[in-house]
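*Asks:* Structure file run37.csv, CSV, C-alpha atoms, is pasted below:
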```
chain,number,residue,atom,x,y,z
A,1,MET,CA,-11.3,16.5,35.4
A,2,SER,CA,-13.4,19.4,34.0
A,3,GLN,CA,-10.3,21.2,32.7
A,4,ARG,CA,-9.1,18.0,31.0
A,5,LYS,CA,-12.5,17.6,29.4
A,6,GLU,CA,-12.5,21.2,28.2
A,7,MET,CA,-9.1,20.7,26.5
A,8,LYS,CA,-10.4,17.6,24.8
A,9,ASN,CA,-13.2,19.6,23.3
A,10,LYS,CA,-10.7,21.9,21.6
A,11,PHE,CA,-9.8,19.2,19.1
A,12,ALA,CA,-11.1,19.4,15.5
A,13,GLU,CA,-14.0,17.2,14.6
A,14,ARG,CA,-11.8,15.2,12.3
A,15,VAL,CA,-9.7,14.2,15.3
A,16,LYS,CA,-12.8,13.2,17.4
A,17,ASN,CA,-14.2,11.2,14.5
A,18,ALA,CA,-11.0,9.6,13.5
A,19,PRO,CA,-11.4,5.8,13.1
A,20,ARG,CA,-9.3,3.7,15.5
A,21,SER,CA,-6.5,2.3,13.3
A,22,PHE,CA,-5.8,-1.5,13.3
A,23,THR,CA,-2.4,-0.5,11.8
A,24,ARG,CA,-1.1,0.4,15.2
A,25,LYS,CA,-2.2,-2.9,16.6
A,26,ILE,CA,-0.4,-4.7,13.7
A,27,LEU,CA,2.9,-2.8,14.4
A,28,ASP,CA,2.7,-3.4,18.1
A,29,LEU,CA,2.4,-7.2,17.5
A,30,THR,CA,5.7,-7.2,15.6
A,31,LYS,CA,7.4,-6.2,18.9
A,32,ASP,CA,6.2,-9.4,20.6
A,33,SER,CA,8.7,-12.0,19.7
A,34,SER,CA,6.4,-14.8,21.0
A,35,VAL,CA,3.8,-14.1,18.3
A,36,ILE,CA,4.3,-15.2,14.7
A,37,SER,CA,2.9,-12.2,12.9
A,38,PHE,CA,1.4,-12.6,9.4
A,39,ALA,CA,-0.3,-9.2,10.1
A,40,GLY,CA,1.9,-6.4,8.9
A,41,GLY,CA,2.9,-5.7,5.3
A,42,LEU,CA,6.5,-5.8,6.4
A,43,PRO,CA,9.5,-6.7,4.2
A,44,ASP,CA,12.1,-9.2,5.5
A,45,GLU,CA,14.8,-7.1,7.3
A,46,SER,CA,17.4,-9.9,6.8
A,47,LEU,CA,17.3,-8.8,3.1
A,48,PHE,CA,17.9,-5.1,3.8
A,49,PRO,CA,21.1,-4.3,1.7
A,50,HIS,CA,23.1,-2.8,4.6
A,51,GLU,CA,26.5,-3.0,2.9
A,52,LEU,CA,25.2,-1.5,-0.3
A,53,ILE,CA,23.7,1.3,1.6
A,54,LYS,CA,26.9,1.9,3.5
A,55,GLU,CA,28.9,2.1,0.3
A,56,GLU,CA,26.5,4.5,-1.3
A,57,ILE,CA,26.4,6.7,1.8
A,58,GLU,CA,30.1,7.0,1.6
A,59,ASN,CA,29.9,7.9,-2.1
A,60,VAL,CA,27.3,10.6,-1.3
A,61,LEU,CA,29.4,12.1,1.5
A,62,ASN,CA,32.5,12.2,-0.8
A,63,SER,CA,30.6,13.6,-3.8
A,64,PHE,CA,28.8,16.6,-2.2
A,65,LYS,CA,29.8,19.7,-0.2
A,66,LYS,CA,28.2,20.8,3.0
A,67,SER,CA,25.5,22.4,1.0
A,68,LEU,CA,24.0,18.9,0.8
A,69,TYR,CA,22.6,19.5,4.3
A,70,GLN,CA,20.9,22.8,3.3
A,71,TYR,CA,17.2,23.4,2.6
A,72,SER,CA,16.1,22.4,-0.9
A,73,PRO,CA,13.1,22.5,-3.2
A,74,ALA,CA,10.1,20.4,-2.2
A,75,MET,CA,10.1,18.5,-5.5
A,76,GLY,CA,13.1,16.5,-4.3
A,77,VAL,CA,16.4,15.4,-5.9
A,78,GLU,CA,16.3,15.9,-9.7
A,79,GLU,CA,18.5,12.8,-10.3
A,80,LEU,CA,16.1,10.5,-8.4
A,81,ARG,CA,13.0,12.0,-10.0
A,82,ALA,CA,14.6,11.5,-13.5
A,83,GLN,CA,15.3,7.8,-12.6
A,84,ILE,CA,11.7,7.3,-11.4
A,85,SER,CA,10.2,8.9,-14.5
A,86,LYS,CA,11.7,6.1,-16.6
A,87,ASN,CA,9.1,3.7,-15.1
A,88,TYR,CA,6.3,5.6,-17.0
A,89,GLU,CA,5.7,6.3,-20.6
A,90,ALA,CA,6.1,9.9,-21.8
A,91,THR,CA,6.9,11.2,-18.3
A,92,CYS,CA,9.6,13.7,-17.3
A,93,SER,CA,11.1,14.6,-13.9
A,94,ASP,CA,8.8,17.6,-13.6
A,95,GLU,CA,5.9,15.2,-13.3
A,96,ILE,CA,7.4,13.5,-10.2
A,97,LEU,CA,7.1,14.8,-6.7
A,98,LEU,CA,9.1,13.0,-3.9
A,99,THR,CA,7.2,12.4,-0.7
A,100,ASN,CA,7.8,11.0,2.8
A,101,GLY,CA,6.5,7.6,1.8
A,102,SER,CA,3.5,7.0,-0.4
A,103,GLN,CA,1.3,7.6,2.7
A,104,GLN,CA,2.2,11.3,2.6
A,105,GLY,CA,1.3,11.2,-1.1
A,106,LEU,CA,-2.1,9.9,-0.2
A,107,ASP,CA,-2.6,12.7,2.4
A,108,LEU,CA,-1.6,15.4,-0.1
A,109,ILE,CA,-4.0,14.0,-2.6
A,110,ALA,CA,-6.8,14.0,0.0
A,111,LYS,CA,-6.1,17.6,1.0
A,112,ALA,CA,-6.0,18.7,-2.7
A,113,PHE,CA,-9.3,17.1,-3.8
A,114,ILE,CA,-11.6,16.2,-0.9
A,115,ASN,CA,-14.1,18.7,0.5
A,116,GLU,CA,-16.3,17.5,3.3
A,117,GLY,CA,-19.2,15.5,1.8
A,118,ASP,CA,-17.5,14.9,-1.6
A,119,THR,CA,-17.9,11.5,-3.0
A,120,ILE,CA,-14.9,9.3,-3.6
A,121,VAL,CA,-14.8,5.6,-4.8
A,122,VAL,CA,-12.6,2.8,-3.5
A,123,GLU,CA,-12.4,-1.0,-4.1
A,124,SER,CA,-14.2,-3.3,-1.8
A,125,PRO,CA,-12.0,-4.4,0.1
A,126,SER,CA,-9.3,-1.7,0.1
A,127,TYR,CA,-6.1,-0.6,1.9
A,128,LEU,CA,-7.0,0.1,5.5
A,129,ALA,CA,-4.6,3.0,6.0
A,130,ALA,CA,-6.1,4.7,3.0
A,131,LEU,CA,-9.6,4.2,4.3
A,132,ASN,CA,-8.6,5.7,7.6
A,133,LEU,CA,-6.9,8.6,6.1
A,134,PHE,CA,-9.7,9.5,3.7
A,135,ALA,CA,-12.2,9.3,6.6
A,136,LEU,CA,-10.4,12.2,8.3
A,137,TYR,CA,-11.6,14.5,5.5
A,138,ASN,CA,-15.2,13.3,5.9
A,139,PRO,CA,-16.1,12.4,2.4
A,140,ASN,CA,-18.9,10.1,1.2
A,141,ILE,CA,-17.0,6.9,0.5
A,142,ILE,CA,-18.6,4.5,-2.0
A,143,ASP,CA,-17.1,1.1,-2.5
A,144,VAL,CA,-17.3,-1.0,-5.6
A,145,GLY,CA,-17.2,-4.8,-5.7
A,146,LEU,CA,-13.9,-6.5,-6.4
A,147,SER,CA,-13.1,-10.0,-7.7
A,148,LYS,CA,-9.9,-11.6,-8.9
A,149,SER,CA,-10.5,-10.1,-12.4
A,150,GLY,CA,-10.9,-6.6,-11.0
A,151,VAL,CA,-13.7,-4.3,-10.1
A,152,ASP,CA,-17.3,-4.7,-11.2
A,153,THR,CA,-17.4,-2.2,-14.2
A,154,GLN,CA,-21.1,-2.2,-14.5
A,155,GLU,CA,-21.5,-1.2,-10.9
A,156,LEU,CA,-18.7,1.3,-11.3
A,157,GLU,CA,-20.3,3.0,-14.3
A,158,GLU,CA,-23.6,3.5,-12.4
A,159,ILE,CA,-21.6,5.1,-9.6
A,160,PHE,CA,-19.7,7.4,-12.0
A,161,LYS,CA,-22.9,8.4,-13.7
A,162,SER,CA,-25.1,9.0,-10.7
A,163,LYS,CA,-22.6,10.2,-8.0
A,164,ASN,CA,-19.9,12.1,-10.0
A,165,PRO,CA,-17.1,11.2,-7.6
A,166,LYS,CA,-13.9,13.3,-7.2
A,167,PHE,CA,-11.7,10.3,-7.8
A,168,PHE,CA,-11.4,6.5,-7.8
A,169,TYR,CA,-8.7,5.1,-5.6
A,170,VAL,CA,-7.3,1.7,-6.9
A,171,ILE,CA,-4.5,-0.8,-6.2
A,172,PRO,CA,-4.9,-2.8,-9.5
A,173,THR,CA,-1.6,-4.8,-9.2
A,174,PHE,CA,-1.1,-7.3,-6.3
A,175,GLN,CA,-3.9,-5.5,-4.5
A,176,ASN,CA,-3.8,-4.9,-0.7
A,177,PRO,CA,-5.4,-6.8,0.9
A,178,THR,CA,-6.3,-9.5,-1.7
A,179,GLY,CA,-3.1,-9.9,-3.7
A,180,TRP,CA,-5.2,-10.0,-6.8
A,181,SER,CA,-4.4,-8.2,-10.1
A,182,TRP,CA,-7.0,-6.7,-12.4
A,183,TYR,CA,-7.3,-8.3,-15.8
A,184,LYS,CA,-6.2,-6.2,-18.8
A,185,GLU,CA,-9.8,-5.9,-20.1
A,186,THR,CA,-10.9,-4.5,-16.7
A,187,ARG,CA,-8.2,-1.9,-16.7
A,188,GLU,CA,-9.1,-0.8,-20.2
A,189,GLU,CA,-12.8,-0.5,-19.4
A,190,VAL,CA,-12.2,1.4,-16.2
A,191,ALA,CA,-9.9,3.8,-18.2
A,192,ARG,CA,-12.7,4.2,-20.7
A,193,LEU,CA,-15.3,5.0,-18.1
A,194,ALA,CA,-13.0,7.4,-16.2
A,195,LYS,CA,-12.4,9.3,-19.4
A,196,LYS,CA,-16.1,9.3,-20.3
A,197,TYR,CA,-17.2,10.7,-16.9
A,198,GLU,CA,-14.1,12.8,-16.3
A,199,ILE,CA,-13.1,10.9,-13.1
A,200,ILE,CA,-9.5,11.1,-11.7
A,201,ILE,CA,-7.8,7.7,-11.1
A,202,ILE,CA,-5.5,7.4,-8.1
A,203,GLU,CA,-3.3,4.4,-8.8
A,204,ASP,CA,-1.4,3.1,-5.8
A,205,SER,CA,1.4,0.8,-6.8
A,206,PRO,CA,3.6,-0.3,-3.9
A,207,TYR,CA,4.1,-3.9,-5.0
A,208,ASP,CA,4.6,-3.6,-8.8
A,209,ALA,CA,8.2,-4.6,-8.8
A,210,ILE,CA,7.7,-7.7,-6.6
A,211,ARG,CA,6.5,-10.0,-9.3
A,212,TYR,CA,7.0,-13.8,-9.2
A,213,GLU,CA,5.3,-14.8,-12.5
A,214,GLY,CA,3.8,-13.2,-15.5
A,215,THR,CA,4.5,-9.9,-17.1
A,216,ARG,CA,3.9,-6.3,-16.0
A,217,PRO,CA,0.4,-5.2,-17.0
A,218,VAL,CA,-0.5,-1.9,-18.6
A,219,GLY,CA,-1.0,0.8,-16.0
A,220,PHE,CA,-3.3,3.8,-15.8
A,221,ALA,CA,-0.4,6.1,-16.4
A,222,THR,CA,-0.3,4.7,-19.9
A,223,LEU,CA,-4.1,4.2,-20.4
A,224,LEU,CA,-5.1,7.6,-19.1
A,225,PRO,CA,-2.0,9.7,-18.3
A,226,HIS,CA,-3.6,13.1,-17.9
A,227,GLN,CA,-6.4,11.9,-15.5
A,228,THR,CA,-4.2,9.5,-13.4
A,229,ILE,CA,-2.2,10.2,-10.3
A,230,ASN,CA,0.3,7.5,-9.5
A,231,LEU,CA,1.8,6.6,-6.1
A,232,GLY,CA,5.0,4.6,-5.6
A,233,THR,CA,7.5,3.8,-2.9
A,234,PHE,CA,10.9,2.3,-2.2
A,235,SER,CA,9.7,0.9,1.2
A,236,LYS,CA,9.0,-2.6,-0.2
A,237,THR,CA,12.0,-2.9,-2.5
A,238,LEU,CA,14.7,-1.2,-0.5
A,239,VAL,CA,14.0,-0.1,3.2
A,240,PRO,CA,10.9,1.5,4.8
A,241,ASP,CA,12.9,3.8,7.1
A,242,PHE,CA,14.1,6.0,4.2
A,243,ARG,CA,10.5,7.1,3.8
A,244,ILE,CA,10.9,7.8,0.1
A,245,GLY,CA,7.8,7.7,-2.0
A,246,TRP,CA,6.6,9.6,-5.0
A,247,ILE,CA,3.6,11.0,-6.9
A,248,ARG,CA,3.5,10.9,-10.7
A,249,ALA,CA,0.9,13.3,-12.2
A,250,ASN,CA,0.5,15.9,-14.9
A,251,GLU,CA,2.2,19.2,-14.1
A,252,GLU,CA,-1.1,21.0,-13.2
A,253,PHE,CA,-1.7,18.5,-10.4
A,254,ILE,CA,2.0,18.4,-9.4
A,255,THR,CA,2.0,22.2,-8.9
A,256,VAL,CA,-0.9,22.0,-6.5
A,257,LEU,CA,0.5,19.0,-4.6
A,258,ARG,CA,3.9,20.6,-4.4
A,259,GLY,CA,2.4,23.7,-2.8
A,260,LEU,CA,0.6,21.5,-0.2
A,261,LYS,CA,3.8,19.6,0.6
A,262,GLU,CA,5.7,22.9,1.1
A,263,SER,CA,3.0,23.9,3.6
A,264,SER,CA,3.3,20.6,5.3
A,265,ASP,CA,7.0,19.9,5.7
A,266,LEU,CA,8.9,22.2,3.3
A,267,GLN,CA,10.8,19.2,1.8
A,268,SER,CA,11.7,15.6,2.3
A,269,SER,CA,15.3,14.8,3.5
A,270,LYS,CA,17.4,14.7,0.4
A,271,PHE,CA,20.4,12.8,1.7
A,272,PHE,CA,18.9,9.3,1.2
A,273,GLN,CA,17.3,10.5,-2.0
A,274,HIS,CA,20.8,10.8,-3.3
A,275,VAL,CA,21.7,7.4,-2.0
A,276,VAL,CA,18.7,5.8,-3.7
A,277,ALA,CA,19.4,7.7,-7.0
A,278,LYS,CA,22.9,6.2,-7.0
A,279,LEU,CA,21.6,2.7,-6.3
A,280,LEU,CA,19.2,3.0,-9.2
A,281,LYS,CA,21.7,4.5,-11.7
A,282,SER,CA,24.3,1.8,-11.0
A,283,GLY,CA,21.8,-1.0,-11.4
A,284,LYS,CA,22.5,-2.2,-7.9
A,285,LEU,CA,18.9,-1.7,-6.7
A,286,SER,CA,17.6,-3.8,-9.7
A,287,LEU,CA,19.9,-6.7,-8.7
A,288,HIS,CA,18.8,-6.4,-5.1
A,289,VAL,CA,15.1,-6.6,-6.1
A,290,LYS,CA,15.9,-9.9,-8.0
A,291,LYS,CA,17.2,-11.3,-4.7
A,292,ILE,CA,14.1,-10.2,-2.9
A,293,ILE,CA,11.9,-11.8,-5.5
A,294,THR,CA,13.7,-15.2,-5.3
A,295,THR,CA,13.4,-15.2,-1.5
A,296,TYR,CA,9.8,-14.0,-1.3
A,297,LYS,CA,8.7,-16.5,-4.0
A,298,GLU,CA,10.0,-19.3,-1.8
A,299,LYS,CA,8.1,-18.0,1.1
A,300,ARG,CA,4.9,-17.6,-0.9
A,301,ASN,CA,5.2,-21.2,-2.0
A,302,ALA,CA,5.8,-22.3,1.6
A,303,MET,CA,2.7,-20.6,2.7
A,304,ALA,CA,0.6,-22.1,-0.1
A,305,ARG,CA,1.8,-25.6,0.9
A,306,ALA,CA,1.1,-24.9,4.6
A,307,LEU,CA,-2.4,-23.7,3.9
A,308,ALA,CA,-3.1,-26.7,1.7
A,309,GLU,CA,-1.8,-29.2,4.2
A,310,ASN,CA,-3.5,-27.7,7.3
A,311,PHE,CA,-6.8,-26.4,5.9
A,312,LYS,CA,-7.3,-28.5,2.8
A,313,ASP,CA,-10.7,-27.5,1.4
A,314,GLU,CA,-11.8,-25.5,4.5
A,315,VAL,CA,-10.5,-22.2,3.0
A,316,GLU,CA,-10.3,-20.7,-0.5
A,317,TYR,CA,-7.5,-18.5,-1.8
A,318,GLU,CA,-5.7,-17.4,-4.9
A,319,ILE,CA,-1.9,-17.9,-5.1
A,320,PRO,CA,-0.7,-14.3,-5.8
A,321,GLU,CA,1.6,-13.7,-8.8
A,322,GLY,CA,3.4,-11.0,-6.8
A,323,GLY,CA,3.2,-8.8,-3.7
A,324,MET,CA,3.1,-9.8,-0.1
A,325,PHE,CA,-0.3,-11.3,0.8
A,326,PHE,CA,-2.8,-14.2,0.7
A,327,TRP,CA,-6.5,-13.4,1.0
A,328,ILE,CA,-8.1,-16.3,2.7
A,329,THR,CA,-11.8,-17.0,2.7
A,330,PHE,CA,-13.1,-19.4,5.3
A,331,LYS,CA,-15.9,-21.5,3.9
A,332,LYS,CA,-17.7,-21.9,7.3
A,333,ASN,CA,-19.5,-19.1,9.0
A,334,VAL,CA,-16.4,-17.5,10.6
A,335,ASP,CA,-16.1,-13.9,11.9
A,336,THR,CA,-12.3,-13.4,11.5
A,337,MET,CA,-12.3,-10.5,14.0
A,338,LYS,CA,-13.4,-13.0,16.7
A,339,LEU,CA,-11.0,-15.6,15.3
A,340,PHE,CA,-8.2,-13.1,15.7
A,341,ASP,CA,-8.6,-13.3,19.5
A,342,PHE,CA,-8.2,-17.1,19.4
A,343,ALA,CA,-5.2,-16.8,17.1
A,344,ILE,CA,-3.3,-14.5,19.5
A,345,LYS,CA,-3.8,-17.1,22.2
A,346,GLU,CA,-2.1,-19.5,19.8
A,347,ASP,CA,0.8,-17.1,19.2
A,348,VAL,CA,-0.1,-16.2,15.6
A,349,ALA,CA,-1.5,-13.0,14.1
A,350,PHE,CA,-3.3,-12.0,10.9
A,351,VAL,CA,-5.5,-9.1,9.9
A,352,PRO,CA,-9.2,-9.7,10.0
A,353,GLY,CA,-11.0,-8.9,6.7
A,354,SER,CA,-13.5,-6.4,8.3
A,355,VAL,CA,-10.9,-3.7,8.6
A,356,PHE,CA,-10.5,-3.5,4.9
A,357,TYR,CA,-14.1,-2.4,4.3
A,358,LYS,CA,-15.4,1.1,4.8
A,359,ASP,CA,-18.3,-0.1,7.0
A,360,ALA,CA,-16.2,-2.6,9.0
A,361,ARG,CA,-18.6,-5.3,8.1
A,362,ILE,CA,-18.4,-8.8,9.5
A,363,SER,CA,-16.1,-10.8,7.3
A,364,ASN,CA,-15.0,-14.4,6.9
A,365,ASN,CA,-11.8,-13.2,5.2
A,366,ALA,CA,-8.2,-12.8,6.5
A,367,ARG,CA,-5.1,-11.2,5.1
A,368,VAL,CA,-1.9,-13.1,5.8
A,369,ASN,CA,1.5,-11.8,5.0
A,370,PHE,CA,4.3,-14.2,3.9
A,371,THR,CA,7.3,-11.9,3.3
A,372,HIS,CA,8.3,-11.1,6.9
A,373,ALA,CA,8.2,-14.5,8.7
A,374,SER,CA,10.9,-17.2,8.2
A,375,LEU,CA,10.1,-20.4,6.4
A,376,GLU,CA,10.0,-22.2,9.7
A,377,ASP,CA,7.6,-19.7,11.2
A,378,ILE,CA,5.4,-19.8,8.1
A,379,GLU,CA,4.9,-23.6,8.7
A,380,LYS,CA,4.5,-23.2,12.4
A,381,GLY,CA,2.3,-20.2,12.2
A,382,ILE,CA,-0.2,-21.7,9.8
A,383,LYS,CA,-0.4,-24.8,12.1
A,384,ASN,CA,-1.1,-22.4,15.0
A,385,LEU,CA,-3.8,-20.7,12.9
A,386,LYS,CA,-5.5,-24.1,12.2
A,387,SER,CA,-5.4,-24.8,16.0
A,388,ALA,CA,-7.1,-21.4,16.7
A,389,TYR,CA,-9.6,-22.1,14.0
A,390,LEU,CA,-10.6,-25.5,15.5
A,391,LYS,CA,-11.0,-23.9,18.9
A,392,TYR,CA,-13.1,-21.1,17.4
A,393,ILE,CA,-15.6,-23.4,15.5
```
Hey, can you dump this file as structure tokens for me?

*Replies:*
Amino acid sequence: MSQRKEMKNKFAERVKNAPRSFTRKILDLTKDSSVISFAGGLPDESLFPHELIKEEIENVLNSFKKSLYQYSPAMGVEELRAQISKNYEATCSDEILLTNGSQQGLDLIAKAFINEGDTIVVESPSYLAALNLFALYNPNIIDVGLSKSGVDTQELEEIFKSKNPKFFYVIPTFQNPTGWSWYKETREEVARLAKKYEIIIIEDSPYDAIRYEGTRPVGFATLLPHQTINLGTFSKTLVPDFRIGWIRANEEFITVLRGLKESSDLQSSKFFQHVVAKLLKSGKLSLHVKKIITTYKEKRNAMARALAENFKDEVEYEIPEGGMFFWITFKKNVDTMKLFDFAIKEDVAFVPGSVFYKDARISNNARVNFTHASLEDIEKGIKNLKSAYLKYI
């Protein structure tokens, strides 16, 4: 026992202080077929384009020599970086770094910019995996209030002015967990403030392409290109298992981030980068995304109907114009972390709102995902959630 305790004491402080991740609990629930899970931000695997991928794998194998399997530069496949750069104004492939999912991109950014005790700013609420990752580097995390129009810019300016943060991490389009999108005026004001106070903007955009209504808003890569670092991923529009994400930033930032990636894993696997590059260049991925949007919109509408029929005026929510989530606010005094235990007994899962706040505050909010469950399970799962709610109150 004493020897085991001694080995435990060898771990770095960041390991000892690491927050217990609710993400693992979410993923574990997906393995239990008896539970209808609205918890994970998972795509619908029935939509994974298996035949398209098989075809492009064959094309890659026939197009390249055995050198395809050799070590390669950390930046990633040039053809794919060039395709990604077209999503941004005045951006070239040298400003794109390919990563093992956007989560690695977040980690590289944290390594590059956060010293212990540095101040960083996040939305309140914010993406739980980002909050957990940032906490490993022991910064001073300040959150700024968020509404359906975006962050409170007056509060933000006071933070920028008095705290001089290293960066502001944002998900302004179909935000996780709320599904909200910042208004144009908010984006422009935040860009003005960031420029005035010389604050870096980290813009995370995993859901931009999954839009059901409206038009694509202006991004920070356009509003403030030199001070913005963008994160993107193919996990939501193609398949998560390829683990292909990217960072877009100015070349000064990319040089530092590339060096950190080289120290971390040398390179990402380039085989599937070539596959994705071919799918993009041929237009096949774009057609696939249209299919995803049609299916997910139907599921979103089904969840909106189920919430209205079962909860009526007992909850509040916005119908998202894109992305994967509803953010439900219970009008009664509900602690959704406690409600979660009742829900599991009714064979339905969601994510309690408290995990999306840096201080894990008691919350009457819940994030529910609509992209992974079937139409039948959406209807049944919301009925089960209402049953759990009635037993809780």

*Asks:* Would you mind reading off the distance between CA of Lys380 in chain A and CA of Asn365 in chain A, one decimal, in Å?

*Replies:*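 It comes out at 20.4 Å.
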
*Asks:* Near Phe271 in chain A, counting all atoms listed in the file, which residues have an atom at most 8 Å away, once you skip same-chain residues fewer than 4 positions from it, shown as a list in words?

*Replies:*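 Selected residues are Val60, Leu68, Tyr69 and Val275 of chain A.
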
*Asks:* Tell me which protein, DNA and RNA residues are within 8 Å of Asp143 in chain A, counting all atoms listed in the file, leaving out same-chain ones fewer than 2 positions away, and put them as a list in words.

*Replies:*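 My list of contacting residues is Val121, Val122, Glu123, Ser124, Pro125, Ile141, Gly145 and Lys358 of chain A.
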
*Asks:* Would you mind reading off the distance between CA of Leu131 in chain A and CA of Arg211 in chain A, one decimal, in Å?

*Replies:* 25.4 Å

*Asks:* Between range 206-292 of chain A and range 315-330 of chain A, at 8 Å or less, what are the per-residue closest atom pairs and their distances in Å? Count all atoms listed in the file, order by chain and rising residue number, and return it as a Markdown table.

*Replies:*
```
| residue | atom | partner | partner_atom | distance |
| --- | --- | --- | --- | --- |
| A:Tyr207 | CA | A:Gly323 | CA | 5.1 |
| A:Asp208 | CA | A:Gly323 | CA | 7.4 |
| A:Ile210 | CA | A:Gly322 | CA | 5.4 |
| A:Arg211 | CA | A:Gly322 | CA | 4.1 |
| A:Tyr212 | CA | A:Gly322 | CA | 5.2 |
| A:Glu213 | CA | A:Glu321 | CA | 5.3 |
| A:Gly214 | CA | A:Glu321 | CA | 7.1 |
```

*Asks:* Next, the residues of the selection above should be written as an mmCIF file, keeping the file's coordinate frame with C-alpha atoms.

*Replies:*
```
data_model
loop_
_atom_site.group_PDB
_atom_site.id
_atom_site.type_symbol
_atom_site.label_atom_id
_atom_site.label_comp_id
_atom_site.auth_asym_id
_atom_site.auth_seq_id
_atom_site.Cartn_x
_atom_site.Cartn_y
_atom_site.Cartn_z
ATOM 1 C CA TYR A 207 4.100 -3.900 -5.000
ATOM 2 C CA ASP A 208 4.600 -3.600 -8.800
ATOM 3 C CA ILE A 210 7.700 -7.700 -6.600
ATOM 4 C CA ARG A 211 6.500 -10.000 -9.300
ATOM 5 C CA TYR A 212 7.000 -13.800 -9.200
ATOM 6 C CA GLU A 213 5.300 -14.800 -12.500
ATOM 7 C CA GLY A 214 3.800 -13.200 -15.500
#
```
